[in-house]
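Peer 1: Input structure_27.cif, format and content: mmCIF, C-alpha atoms and all ligand atoms.
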```
data_my_file
#
loop_
_atom_site.label_atom_id
_atom_site.label_comp_id
_atom_site.auth_asym_id
_atom_site.auth_seq_id
_atom_site.Cartn_x
_atom_site.Cartn_y
_atom_site.Cartn_z
CA MET A 20 14.37 -23.32 -4.90
CA ILE A 21 15.27 -19.69 -5.48
CA THR A 22 18.34 -19.07 -7.59
CA THR A 23 19.65 -15.81 -6.11
CA MET A 24 21.01 -15.09 -2.66
CA VAL A 25 18.00 -12.89 -1.88
CA ASP A 26 14.68 -13.23 -3.67
CA LEU A 27 11.78 -10.80 -3.43
CA ALA A 28 8.89 -12.29 -5.37
CA VAL A 29 5.68 -10.49 -6.37
CA ASP A 30 2.82 -12.81 -7.28
CA LEU A 31 0.67 -10.96 -9.81
CA ALA A 32 -1.83 -13.83 -9.95
CA ALA A 33 -2.47 -13.27 -6.22
CA LEU A 34 -2.93 -9.54 -6.91
CA GLU A 35 -5.53 -10.29 -9.57
CA HIS A 36 -7.25 -12.73 -7.22
CA ASN A 37 -7.46 -10.04 -4.52
CA TYR A 38 -8.83 -7.53 -7.02
CA HIS A 39 -11.68 -9.89 -7.96
CA GLN A 40 -12.36 -10.63 -4.29
CA LEU A 41 -12.69 -6.90 -3.56
CA ARG A 42 -15.05 -6.50 -6.51
CA ARG A 43 -17.32 -9.05 -4.87
CA LEU A 44 -17.67 -6.71 -1.87
CA CYS A 45 -19.02 -3.84 -4.00
CA ASP A 46 -22.15 -3.28 -6.01
CA PRO A 47 -21.46 -3.72 -9.73
CA GLN A 48 -21.97 -0.03 -10.50
CA VAL A 49 -19.35 1.09 -7.93
CA LYS A 50 -16.08 1.95 -9.63
CA MET A 51 -12.72 0.90 -8.25
CA LEU A 52 -9.61 3.06 -8.05
CA ALA A 53 -6.53 0.97 -7.29
CA VAL A 54 -4.14 2.88 -5.07
CA VAL A 55 -0.70 2.29 -6.57
CA LYS A 56 1.16 5.14 -4.87
CA ALA A 57 4.64 4.55 -3.44
CA ASP A 58 5.55 2.21 -6.31
CA ALA A 59 2.38 0.19 -5.62
CA TYR A 60 3.19 -0.14 -1.92
CA GLY A 61 6.62 -1.42 -2.94
CA HIS A 62 5.27 -4.05 -5.34
CA GLY A 63 6.32 -2.20 -8.51
CA LEU A 64 4.10 0.40 -10.19
CA LEU A 65 4.07 -0.80 -13.78
CA PRO A 66 3.70 -4.58 -13.37
CA VAL A 67 0.95 -4.02 -10.79
CA ALA A 68 -0.86 -1.41 -12.90
CA ARG A 69 -0.67 -3.54 -16.05
CA LYS A 70 -2.12 -6.53 -14.23
CA LEU A 71 -4.96 -4.53 -12.67
CA ALA A 72 -5.74 -2.71 -15.93
CA ALA A 73 -6.03 -6.07 -17.68
CA ALA A 74 -8.26 -7.32 -14.85
CA GLY A 75 -10.66 -4.41 -15.39
CA VAL A 76 -9.89 -1.77 -12.76
CA ASP A 77 -11.43 1.66 -13.49
CA TYR A 78 -8.95 4.16 -12.07
CA PHE A 79 -5.48 4.47 -10.60
CA GLY A 80 -4.38 6.62 -7.68
CA VAL A 81 -0.70 7.63 -7.51
CA GLY A 82 1.36 9.84 -5.24
CA SER A 83 3.36 11.98 -7.60
CA LEU A 84 3.20 13.50 -11.06
CA GLU A 85 6.20 11.33 -11.92
CA GLU A 86 4.25 8.15 -11.11
CA GLY A 87 1.36 9.38 -13.24
CA LEU A 88 3.69 10.07 -16.15
CA MET A 89 5.22 6.60 -15.78
CA LEU A 90 1.74 5.09 -16.25
CA ARG A 91 1.19 7.19 -19.36
CA ARG A 92 4.58 6.29 -20.82
CA ALA A 93 3.62 2.64 -20.29
CA LYS A 94 0.57 3.33 -22.48
CA ILE A 95 -1.89 2.97 -19.62
CA SER A 96 -4.75 5.22 -20.65
CA LEU A 97 -7.15 4.67 -17.73
CA PRO A 98 -8.01 7.67 -15.55
CA VAL A 99 -5.22 8.46 -13.06
CA LEU A 100 -5.73 10.58 -9.95
CA LEU A 101 -2.77 12.39 -8.38
CA LEU A 102 -3.69 11.85 -4.73
CA LEU A 103 -1.34 14.48 -3.30
CA GLY A 104 -2.27 17.08 -5.90
CA ILE A 105 0.44 18.92 -7.78
CA LEU A 106 2.64 21.97 -7.54
CA PRO A 107 1.46 24.88 -9.71
CA GLU A 108 4.47 24.39 -11.99
CA GLU A 109 3.39 20.78 -12.62
CA ALA A 110 0.07 21.85 -14.13
CA GLU A 111 1.22 21.85 -17.79
CA PRO A 112 2.55 18.24 -17.85
CA ALA A 113 -0.35 17.00 -15.69
CA VAL A 114 -2.91 18.42 -18.13
CA ALA A 115 -0.92 17.34 -21.18
CA SER A 116 -1.01 13.73 -19.94
CA GLY A 117 -4.65 13.90 -18.92
CA LEU A 118 -3.90 13.25 -15.25
CA GLU A 119 -6.63 14.14 -12.75
CA VAL A 120 -5.73 16.18 -9.71
CA SER A 121 -6.77 16.13 -6.08
CA LEU A 122 -7.30 19.84 -5.40
CA PHE A 123 -7.23 21.90 -2.21
CA ARG A 124 -5.46 25.13 -3.24
CA LEU A 125 -6.79 27.94 -5.40
CA ASP A 126 -3.36 28.77 -6.84
CA VAL A 127 -3.13 25.20 -8.15
CA ALA A 128 -6.67 25.48 -9.55
CA GLN A 129 -5.64 28.64 -11.40
CA ALA A 130 -2.47 27.02 -12.74
CA LEU A 131 -4.49 24.03 -13.97
CA ALA A 132 -7.13 26.26 -15.57
CA ALA A 133 -4.42 28.25 -17.36
CA ALA A 134 -2.64 25.10 -18.57
CA ALA A 135 -5.93 23.60 -19.77
CA GLN A 136 -6.81 26.79 -21.63
CA ASN A 137 -3.33 26.85 -23.25
CA GLN A 138 -3.75 23.28 -24.38
CA GLY A 139 -7.37 23.59 -25.42
CA LYS A 140 -8.41 20.95 -22.91
CA LYS A 141 -10.39 20.49 -19.73
CA ALA A 142 -8.49 19.59 -16.57
CA ARG A 143 -10.29 17.13 -14.31
CA VAL A 144 -10.10 17.82 -10.59
CA HIS A 145 -11.43 16.23 -7.41
CA LEU A 146 -11.96 18.69 -4.55
CA LYS A 147 -10.27 17.31 -1.46
CA VAL A 148 -12.15 17.88 1.79
CA ASP A 149 -10.77 17.33 5.27
CA THR A 150 -13.67 15.68 7.10
CA GLY A 151 -11.55 14.66 10.09
CA MET A 152 -8.29 13.17 8.86
CA GLY A 153 -6.49 16.43 9.73
CA ARG A 154 -4.31 16.15 6.68
CA LEU A 155 -4.80 17.42 3.12
CA GLY A 156 -8.01 19.13 2.09
CA VAL A 157 -10.14 22.21 2.53
CA LEU A 158 -12.30 22.43 5.64
CA PRO A 159 -16.01 21.59 5.30
CA GLN A 160 -17.14 25.22 5.53
CA GLU A 161 -14.83 26.12 2.64
CA VAL A 162 -16.31 23.59 0.21
CA LEU A 163 -19.18 25.65 -1.25
CA PRO A 164 -17.14 28.85 -1.71
CA PHE A 165 -14.32 26.80 -3.28
CA LEU A 166 -16.73 25.11 -5.68
CA ALA A 167 -18.15 28.52 -6.58
CA ALA A 168 -14.64 29.77 -7.38
CA LEU A 169 -13.92 26.68 -9.49
CA LYS A 170 -17.15 27.15 -11.42
CA LYS A 171 -15.74 30.37 -12.86
CA MET A 172 -12.75 28.48 -14.28
CA ARG A 173 -14.33 27.11 -17.43
CA HIS A 174 -11.41 24.87 -18.31
CA LEU A 175 -11.76 22.84 -15.12
CA LYS A 176 -14.12 19.91 -14.77
CA VAL A 177 -14.89 19.16 -11.13
CA MET A 178 -15.42 15.41 -10.89
CA GLY A 179 -16.47 15.33 -7.26
CA LEU A 180 -15.52 15.61 -3.62
CA ILE A 181 -12.87 13.36 -2.15
CA SER A 182 -12.03 12.73 1.48
CA HIS A 183 -10.00 10.27 3.55
CA LEU A 184 -10.95 8.30 6.67
CA ALA A 185 -8.75 8.41 9.76
CA VAL A 186 -9.84 5.33 11.75
CA ALA A 187 -11.94 3.20 9.41
CA ASP A 188 -9.86 0.16 10.41
CA GLN A 189 -10.96 0.35 14.07
CA ALA A 190 -13.86 -1.70 15.40
CA ASP A 191 -15.54 1.40 16.86
CA LYS A 192 -16.99 3.22 13.86
CA THR A 193 -18.32 6.31 15.69
CA TYR A 194 -15.69 8.70 14.32
CA THR A 195 -15.85 7.13 10.85
CA TYR A 196 -19.65 7.50 10.72
CA LYS A 197 -19.22 11.17 11.61
CA GLN A 198 -16.73 11.63 8.76
CA VAL A 199 -18.97 9.81 6.26
CA GLN A 200 -22.00 11.80 7.39
CA GLU A 201 -20.10 15.07 7.03
CA PHE A 202 -19.04 13.99 3.56
CA THR A 203 -22.48 12.93 2.34
CA SER A 204 -24.14 16.05 3.71
CA LEU A 205 -21.53 18.23 1.97
CA LEU A 206 -22.26 16.35 -1.24
CA ALA A 207 -25.98 16.91 -0.81
CA ALA A 208 -25.47 20.61 -0.06
CA ALA A 209 -23.25 21.03 -3.14
CA ARG A 210 -25.75 19.25 -5.35
CA ALA A 211 -28.54 21.42 -3.98
CA GLU A 212 -26.48 24.40 -5.15
CA GLY A 213 -26.38 22.91 -8.64
CA PHE A 214 -22.90 21.33 -8.65
CA LYS A 215 -23.06 17.97 -10.43
CA LEU A 216 -20.10 16.14 -8.88
CA PRO A 217 -20.50 12.85 -10.76
CA LEU A 218 -17.70 10.93 -9.01
CA SER A 219 -17.10 11.43 -5.29
CA HIS A 220 -15.26 9.03 -3.02
CA ILE A 221 -14.14 8.42 0.57
CA SER A 222 -13.65 4.61 1.00
CA ASN A 223 -10.22 3.10 1.64
CA SER A 224 -9.71 -0.66 2.11
CA ALA A 225 -11.26 -0.74 5.58
CA ALA A 226 -14.41 1.11 4.50
CA LEU A 227 -14.63 -1.02 1.37
CA TRP A 228 -15.66 -4.09 3.33
CA GLU A 229 -16.95 -2.65 6.62
CA LEU A 230 -18.89 0.38 5.40
CA PRO A 231 -20.70 -0.22 2.11
CA GLU A 232 -22.81 2.90 2.70
CA ALA A 233 -19.60 4.90 2.19
CA HIS A 234 -18.88 3.54 -1.28
CA VAL A 235 -20.68 6.49 -2.95
CA GLY A 236 -19.57 6.09 -6.58
CA LEU A 237 -16.02 4.83 -6.27
CA VAL A 238 -13.83 2.98 -3.77
CA ARG A 239 -10.07 3.43 -3.30
CA PRO A 240 -8.47 0.26 -1.92
CA GLY A 241 -4.75 -0.05 -1.47
CA LEU A 242 -3.59 -2.49 1.19
CA MET A 243 -6.20 -5.19 0.57
CA LEU A 244 -5.18 -5.47 -3.08
CA TYR A 245 -1.74 -6.45 -1.81
CA GLY A 246 -3.23 -9.14 0.41
CA SER A 247 -3.37 -7.67 3.91
CA ALA A 248 -6.31 -6.71 6.08
CA PRO A 249 -6.31 -3.16 7.47
CA SER A 250 -7.16 -4.55 10.93
CA PRO A 251 -5.48 -7.95 11.37
CA ASP A 252 -7.79 -8.78 14.31
CA ARG A 253 -10.88 -8.57 12.05
CA PRO A 254 -10.35 -10.64 8.91
CA PRO A 255 -12.39 -9.51 5.91
CA PRO A 256 -15.16 -11.79 4.57
CA VAL A 257 -13.17 -12.66 1.45
CA GLU A 258 -9.95 -14.62 1.12
CA LEU A 259 -6.94 -12.42 0.35
CA LYS A 260 -3.64 -13.84 -0.87
CA PRO A 261 -0.33 -12.23 0.08
CA VAL A 262 1.35 -10.87 -3.03
CA MET A 263 4.90 -10.24 -1.79
CA SER A 264 7.32 -12.80 -0.37
CA LEU A 265 10.98 -12.64 0.63
CA ALA A 266 13.37 -15.56 0.82
CA ALA A 267 17.15 -16.02 0.98
CA ARG A 268 19.74 -18.78 0.77
CA VAL A 269 21.57 -19.86 3.92
CA LEU A 270 25.19 -18.72 3.61
CA GLN A 271 26.65 -20.75 6.46
CA VAL A 272 25.56 -23.11 9.23
CA LYS A 273 27.70 -23.79 12.29
CA ARG A 274 27.44 -25.38 15.72
CA LEU A 275 28.33 -22.98 18.54
CA PRO A 276 29.21 -23.93 22.12
CA PRO A 277 27.36 -22.43 25.11
CA GLY A 278 28.50 -18.91 26.00
CA THR A 279 29.06 -17.71 22.40
CA SER A 280 27.99 -14.15 21.60
CA ILE A 281 26.23 -13.39 18.35
CA SER A 282 26.41 -10.25 16.17
CA TYR A 283 27.18 -6.58 16.90
CA GLY A 284 26.81 -5.51 20.50
CA CYS A 285 26.94 -9.13 21.75
CA THR A 286 23.27 -8.81 22.67
CA TYR A 287 22.68 -12.58 22.56
CA THR A 288 24.84 -15.26 24.15
CA THR A 289 24.05 -18.93 23.52
CA PRO A 290 22.79 -20.56 26.74
CA ASP A 291 23.52 -24.01 25.30
CA TRP A 292 24.84 -25.65 22.13
CA CYS A 293 23.32 -23.81 19.19
CA ASP A 294 23.05 -24.47 15.46
CA LEU A 295 23.24 -21.07 13.82
CA ALA A 296 22.30 -20.19 10.23
CA VAL A 297 23.75 -17.01 8.72
CA LEU A 298 21.39 -15.35 6.22
CA PRO A 299 22.13 -12.65 3.60
CA VAL A 300 19.31 -10.27 4.51
CA GLY A 301 19.62 -7.18 6.69
CA TYR A 302 18.35 -3.68 7.12
CA CYS A 303 19.71 -2.66 3.72
CA ASN A 304 17.09 -5.08 2.35
CA GLY A 305 14.39 -3.19 4.26
CA TYR A 306 14.34 -5.83 7.01
CA SER A 307 14.02 -3.83 10.21
CA ARG A 308 16.75 -3.85 12.81
CA LEU A 309 13.92 -3.95 15.35
CA CYS A 310 13.60 -7.65 14.45
CA SER A 311 16.89 -8.23 16.32
CA ASN A 312 16.37 -10.95 18.99
CA ARG A 313 12.64 -10.79 18.25
CA GLY A 314 11.80 -11.90 14.71
CA GLU A 315 11.64 -15.34 13.16
CA VAL A 316 12.35 -16.88 9.77
CA LEU A 317 11.12 -20.15 8.29
CA ILE A 318 13.58 -22.90 7.44
CA HIS A 319 12.39 -26.35 6.32
CA GLY A 320 8.88 -25.17 7.22
CA ARG A 321 9.86 -24.49 10.85
CA ARG A 322 10.16 -21.23 12.76
CA ALA A 323 13.73 -20.25 13.58
CA PRO A 324 14.25 -17.33 15.99
CA ILE A 325 16.59 -14.48 15.06
CA ARG A 326 19.57 -14.23 17.39
CA GLY A 327 21.52 -11.05 18.02
CA ARG A 328 21.27 -7.88 16.02
CA VAL A 329 20.12 -7.68 12.43
CA CYS A 330 23.11 -6.27 10.50
CA MET A 331 23.23 -4.23 7.29
CA ASN A 332 22.98 -7.31 5.08
CA LEU A 333 23.20 -10.31 7.39
CA THR A 334 20.91 -11.88 9.99
CA MET A 335 21.46 -14.94 12.16
CA ALA A 336 18.78 -17.53 12.94
CA ASP A 337 18.78 -20.32 15.50
CA VAL A 338 18.10 -23.61 13.72
CA THR A 339 18.83 -25.87 16.70
CA GLY A 340 16.49 -28.84 16.51
CA ILE A 341 15.59 -28.28 12.87
CA PRO A 342 17.02 -31.34 11.12
CA LYS A 343 19.57 -31.18 8.34
CA VAL A 344 19.89 -27.44 7.79
CA LYS A 345 22.85 -26.76 5.53
CA ALA A 346 24.39 -23.94 3.50
CA GLY A 347 22.34 -23.24 0.38
CA ASP A 348 18.99 -24.10 1.97
CA GLN A 349 16.16 -21.63 1.68
CA ALA A 350 15.05 -19.34 4.51
CA VAL A 351 11.76 -17.47 4.25
CA PHE A 352 11.51 -13.99 5.78
CA LEU A 353 8.05 -13.22 4.44
CA GLY A 354 5.64 -15.74 2.99
CA ARG A 355 4.87 -19.42 3.12
CA ASP A 356 7.12 -22.40 3.71
CA GLN A 357 5.33 -25.75 3.78
CA GLY A 358 2.63 -25.45 6.48
CA GLU A 359 4.03 -22.31 8.12
CA VAL A 360 3.56 -18.70 7.07
CA LEU A 361 5.06 -15.36 8.05
CA ARG A 362 2.80 -12.48 7.12
CA ALA A 363 3.61 -8.79 6.83
CA GLU A 364 1.58 -8.40 10.01
CA ASP A 365 4.03 -10.68 11.87
CA LEU A 366 7.00 -8.63 10.68
CA ALA A 367 5.13 -5.45 11.54
CA GLY A 368 4.58 -6.69 15.09
CA TRP A 369 8.30 -7.32 15.63
CA ALA A 370 9.26 -4.02 13.99
CA GLN A 371 6.61 -1.98 15.86
CA THR A 372 4.97 -0.78 12.67
CA ILE A 373 2.18 -1.65 10.23
CA SER A 374 2.10 -4.01 7.27
CA TYR A 375 2.06 -1.00 4.89
CA GLU A 376 5.57 -0.01 5.98
CA ILE A 377 6.84 -3.61 5.72
CA TYR A 378 5.72 -3.79 2.07
CA CYS A 379 7.17 -0.38 1.18
CA ALA A 380 10.48 -1.14 2.90
CA LEU A 381 11.05 -4.64 1.49
CA GLY A 382 9.68 -3.82 -1.95
CA THR A 383 11.74 -0.73 -2.57
CA ALA A 384 15.00 -2.17 -1.20
CA ASN A 385 15.15 -5.38 -3.26
CA ILE A 386 15.18 -6.42 -6.90
CA LYS A 387 11.73 -7.79 -7.65
CA ARG A 388 10.94 -11.03 -9.48
CA TYR A 389 7.43 -11.31 -10.91
CA THR A 390 5.36 -14.48 -11.11
CA GLY A 391 1.83 -14.97 -12.43
CA VAL A 392 2.41 -12.23 -15.01
C1 LIG B 1 -3.26 5.43 0.59
C2 LIG B 1 -4.63 5.94 0.36
C3 LIG B 1 -5.73 5.06 0.19
C4 LIG B 1 -5.63 3.56 0.36
O1 LIG B 1 -5.64 3.21 1.73
P1 LIG B 1 -5.61 1.67 2.16
O2 LIG B 1 -5.76 1.69 3.62
O3 LIG B 1 -4.29 1.12 1.72
O4 LIG B 1 -6.74 1.00 1.45
C5 LIG B 1 -6.94 5.61 -0.16
N1 LIG B 1 -7.09 6.96 -0.31
C6 LIG B 1 -6.06 7.82 -0.12
C7 LIG B 1 -6.30 9.28 -0.27
C8 LIG B 1 -4.81 7.35 0.22
O5 LIG B 1 -3.80 8.21 0.42
#
```
Kindly transcribe the structure held in the file into structure tokens.
Ligand SMILES: *Cc1c(COP(=O)(O)O)cnc(C)c1O
Peer 2:
Amino acid sequence: MITTMVDLAVDLAALEHNYHQLRRLCDPQVKMLAVVKADAYGHGLLPVARKLAAAGVDYFGVGSLEEGLMLRRAKISLPVLLLLGILPEEAEPAVASGLEVSLFRLDVAQALAAAAQNQGKKARVHLKVDTGMGRLGVLPQEVLPFLAALKKMRHLKVMGLISHLAVADQADKTYTYKQVQEFTSLLAAARAEGFKLPLSHISNSAALWELPEAHVGLVRPGLMLYGSAPSPDRPPPVELKPVMSLAARVLQVKRLPPGTSISYGCTYTTPDWCDLAVLPVGYCNGYSRLCSNRGEVLIHGRRAPIRGRVCMNLTMADVTGIPKVKAGDQAVFLGRDQGEVLRAEDLAGWAQTISYEIYCALGTANIKRYTGV
């Protein structure tokens, strides 16, 4: 039984399990960069990074300079790639902490080269190429000229090309094959020009298990480490364990007569006698208001539908027919309860989003409790 009103638990043993499962999907010489941006998808940057470093991961990918510096302050000395790049004025601290930079702007390259020269170091960069994501990166035709410009900056070490896949999670891989082909032919062209590029990479979680030919030298999984499949309709060939769970204690249970309205807006009226459980989780806990009259929670291992609107920190569930529900019992919003389970994908379906957003929302809005440390 949980001891607080709301309990967001992060199971680091499950994280480690998922890491080893993903390793099984790659050749032994392929390196693995764990994507821990956005506070490790809401799971907590430092506990997650410490666990994965101990498990043997090769690289970390973070969103911001600040996240990279947090890893360094925690004495994590593995290579860290700043996936969004940096601002020119962030070059000095990035180089000082030995953080590697995703690069797509010449002014940033110059700032990094100057900082590296000042500090008597080499700054490691990965040239970001837009092969079809339509987001960060230089266009394919700009790659060779950009590499030529970087070659003149002697304090930069270009590790490789990096690109991101737009639809690798879809069953139809036509577009993804085109992106991968563009990427590998750019690599070949650059190498033919004499650029070494020892560490290039394009594989996210989806490509990790569905497209081994895209592994190149390194893979960059995020979501699958946290226990979800990028495409819920096609389960991966390894068993993944959910890492995050959310539970709460029932605050009150009461029997309502037919015709009683529930919550703001009176959007639900009991058609019959109803046993209602009031739960201390709402949208301030990252639980989407779109779950109003749509979501479910687990109580005593049974599914209880949410009635009325989700409030700021309360939600009501219909426990009619579930025996002996009383105040203080445990309700599960995400995770397992006896034989039943609610996955991030279930919550994402009710909230019209993807599991990624569920993890970020719940993880950043609640105090986290770690197990399996
Ligand atoms: C977030 C991200 C990933 C990880 O994607 P998943 O689908 O979570 O595996 C990989 N590469 C880049 C550049 C990213 O931004």
Peer 1: Using only C-alpha atoms and all ligand atoms, tabulate the residues of chain A lying at most 10 Å from any atom of ligand LIG 1 (chain B), each with its closest atom pair and that distance in Å to one decimal, by chain and increasing residue number, as JSON lines.
Peer 2:
```
{"residue": "A:Leu52", "atom": "CA", "partner": "B:LIG1", "partner_atom": "C5", "distance": 8.7}
{"residue": "A:Ala53", "atom": "CA", "partner": "B:LIG1", "partner_atom": "C4", "distance": 8.1}
{"residue": "A:Val54", "atom": "CA", "partner": "B:LIG1", "partner_atom": "C4", "distance": 5.7}
{"residue": "A:Val55", "atom": "CA", "partner": "B:LIG1", "partner_atom": "C1", "distance": 8.2}
{"residue": "A:Lys56", "atom": "CA", "partner": "B:LIG1", "partner_atom": "C1", "distance": 7.0}
{"residue": "A:Ala57", "atom": "CA", "partner": "B:LIG1", "partner_atom": "C1", "distance": 8.9}
{"residue": "A:Ala59", "atom": "CA", "partner": "B:LIG1", "partner_atom": "C1", "distance": 9.9}
{"residue": "A:Tyr60", "atom": "CA", "partner": "B:LIG1", "partner_atom": "O3", "distance": 8.4}
{"residue": "A:Gly80", "atom": "CA", "partner": "B:LIG1", "partner_atom": "C6", "distance": 7.8}
{"residue": "A:Val81", "atom": "CA", "partner": "B:LIG1", "partner_atom": "O5", "distance": 8.5}
{"residue": "A:Gly82", "atom": "CA", "partner": "B:LIG1", "partner_atom": "O5", "distance": 7.8}
{"residue": "A:Leu100", "atom": "CA", "partner": "B:LIG1", "partner_atom": "C7", "distance": 9.8}
{"residue": "A:Leu101", "atom": "CA", "partner": "B:LIG1", "partner_atom": "C7", "distance": 9.4}
{"residue": "A:Leu102", "atom": "CA", "partner": "B:LIG1", "partner_atom": "C7", "distance": 5.8}
{"residue": "A:Leu103", "atom": "CA", "partner": "B:LIG1", "partner_atom": "O5", "distance": 7.7}
{"residue": "A:Ser121", "atom": "CA", "partner": "B:LIG1", "partner_atom": "C7", "distance": 9.0}
{"residue": "A:Lys147", "atom": "CA", "partner": "B:LIG1", "partner_atom": "C7", "distance": 9.0}
{"residue": "A:Arg154", "atom": "CA", "partner": "B:LIG1", "partner_atom": "C7", "distance": 10.0}
{"residue": "A:Leu155", "atom": "CA", "partner": "B:LIG1", "partner_atom": "C7", "distance": 8.9}
{"residue": "A:Ile181", "atom": "CA", "partner": "B:LIG1", "partner_atom": "C7", "distance": 8.0}
{"residue": "A:Ser182", "atom": "CA", "partner": "B:LIG1", "partner_atom": "C7", "distance": 6.9}
{"residue": "A:His183", "atom": "CA", "partner": "B:LIG1", "partner_atom": "C7", "distance": 5.4}
{"residue": "A:Leu184", "atom": "CA", "partner": "B:LIG1", "partner_atom": "N1", "distance": 8.1}
{"residue": "A:Ala185", "atom": "CA", "partner": "B:LIG1", "partner_atom": "O2", "distance": 9.6}
{"residue": "A:Val186", "atom": "CA", "partner": "B:LIG1", "partner_atom": "O2", "distance": 9.8}
{"residue": "A:Ala187", "atom": "CA", "partner": "B:LIG1", "partner_atom": "O2", "distance": 8.6}
{"residue": "A:Asp188", "atom": "CA", "partner": "B:LIG1", "partner_atom": "O2", "distance": 8.1}
{"residue": "A:His220", "atom": "CA", "partner": "B:LIG1", "partner_atom": "N1", "distance": 8.9}
{"residue": "A:Ile221", "atom": "CA", "partner": "B:LIG1", "partner_atom": "N1", "distance": 7.3}
{"residue": "A:Ser222", "atom": "CA", "partner": "B:LIG1", "partner_atom": "C5", "distance": 6.9}
{"residue": "A:Asn223", "atom": "CA", "partner": "B:LIG1", "partner_atom": "O4", "distance": 4.1}
{"residue": "A:Ser224", "atom": "CA", "partner": "B:LIG1", "partner_atom": "O4", "distance": 3.5}
{"residue": "A:Ala225", "atom": "CA", "partner": "B:LIG1", "partner_atom": "O2", "distance": 6.3}
{"residue": "A:Ala226", "atom": "CA", "partner": "B:LIG1", "partner_atom": "O4", "distance": 8.3}
{"residue": "A:Leu227", "atom": "CA", "partner": "B:LIG1", "partner_atom": "O4", "distance": 8.1}
{"residue": "A:Val238", "atom": "CA", "partner": "B:LIG1", "partner_atom": "C5", "distance": 8.2}
{"residue": "A:Arg239", "atom": "CA", "partner": "B:LIG1", "partner_atom": "C5", "distance": 4.9}
{"residue": "A:Pro240", "atom": "CA", "partner": "B:LIG1", "partner_atom": "O4", "distance": 3.9}
{"residue": "A:Gly241", "atom": "CA", "partner": "B:LIG1", "partner_atom": "O3", "distance": 3.4}
{"residue": "A:Leu242", "atom": "CA", "partner": "B:LIG1", "partner_atom": "O3", "distance": 3.7}
{"residue": "A:Met243", "atom": "CA", "partner": "B:LIG1", "partner_atom": "O4", "distance": 6.3}
{"residue": "A:Leu244", "atom": "CA", "partner": "B:LIG1", "partner_atom": "O4", "distance": 8.1}
{"residue": "A:Tyr245", "atom": "CA", "partner": "B:LIG1", "partner_atom": "O3", "distance": 8.7}
{"residue": "A:Ser247", "atom": "CA", "partner": "B:LIG1", "partner_atom": "O3", "distance": 9.1}
{"residue": "A:Ala248", "atom": "CA", "partner": "B:LIG1", "partner_atom": "O2", "distance": 8.8}
{"residue": "A:Pro249", "atom": "CA", "partner": "B:LIG1", "partner_atom": "O2", "distance": 6.2}
{"residue": "A:Ser250", "atom": "CA", "partner": "B:LIG1", "partner_atom": "O2", "distance": 9.7}
{"residue": "A:Ser374", "atom": "CA", "partner": "B:LIG1", "partner_atom": "O3", "distance": 9.9}
{"residue": "A:Tyr375", "atom": "CA", "partner": "B:LIG1", "partner_atom": "O3", "distance": 7.4}
```
Peer 1: With only C-alpha atoms as the atoms that count, which of A:Val157, A:Met20, A:Ala336, A:Ala33 lies nearest to Phe352 (chain A)?
Peer 2: A:Ala336
Peer 1: Between CA of Arg313 (chain A) and CA of Gly327 (chain A), what is the distance, to one decimal in Å?
Peer 2: 8.9 Å
Peer 1: Quick one: distance from CA of Val144 (chain A) to CA of Gly179 (chain A) in Å, one decimal?
Peer 2: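 Result for CA of Val144 (chain A) versus CA of Gly179 (chain A): 7.6 Å, one decimal.
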Peer 1: For each of A:Arg42, A:Arg328, A:Arg321, A:Lys345, take the minimum atom-to-atom distance to Tyr306 (chain A), counting all atoms listed in the file, then give the residue where this is smallest.
Peer 2: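 Answer, going by the shortest atom-to-atom distance: A:Arg328.
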Peer 1: At most 8 Å is the cut-off: for each residue in region 287-369 of chain A with any atom that close to an atom of region 380-391 of chain A, write down the nearest atom pair and the distance in Å rounded to one decimal, counting all atoms listed in the file, chain first then increasing number, as JSON lines.
Peer 2:
```
{"residue": "A:Cys303", "atom": "CA", "partner": "A:Ala384", "partner_atom": "CA", "distance": 6.8}
{"residue": "A:Asn304", "atom": "CA", "partner": "A:Ala384", "partner_atom": "CA", "distance": 5.0}
{"residue": "A:Gly305", "atom": "CA", "partner": "A:Leu381", "partner_atom": "CA", "distance": 4.6}
{"residue": "A:Tyr306", "atom": "CA", "partner": "A:Leu381", "partner_atom": "CA", "distance": 6.5}
```
Peer 1: Report as a list in words all protein, DNA and RNA residues lying within 12 Å of Asp365 (chain A), evaluated on only C-alpha atoms, omitting residues in the same chain fewer than 4 positions from it.
Peer 2: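 Here the qualifying residues turn out to be Ser247, Pro251, Cys310, Arg313, Gly314, Glu315, Val316, Phe352, Leu353, Gly354, Val360, Leu361, Trp369, Ala370, Gln371, Thr372, Ile373, Ser374 and Ile377 of chain A.
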Peer 1: I'd like to know which of A:Val162, A:Val235, A:Ala367, A:Met172 is closest to Ala208 (chain A), using only C-alpha atoms.
Peer 2: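 Comparing A:Val162, A:Val235, A:Ala367, A:Met172 against Ala208 (chain A), the winner is A:Val162.
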Peer 1: Need to verify the contact set: Tyr287 (chain A), 8 Å, all atoms listed in the file, exclusion of same-chain residues closer than 3 positions in sequence. Can you return it as a list in words?
Peer 2: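 Everything that qualifies: Ser280, Ile281, Ser282, Asn312, Arg326 and Gly327 of chain A.
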Peer 1: Using CA of Lys176 (chain A) and CA of Leu41 (chain A) as the two end points, give the distance in Å to one decimal.
Peer 2: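 Between these atoms lies a distance of 29.1 Å.
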Peer 1: Report as a list in words all protein, DNA and RNA residues lying within 10 Å of Gln349 (chain A), evaluated on all atoms listed in the file, omitting residues in the same chain fewer than 6 positions from it.
Peer 2: Met20, Ile21, Thr22, Met24, Val25, Ala266, Ala267, Arg268, Val269, Leu270, Leu298, Leu317, Ile318, His319, Gly320 and Asp356 of chain A
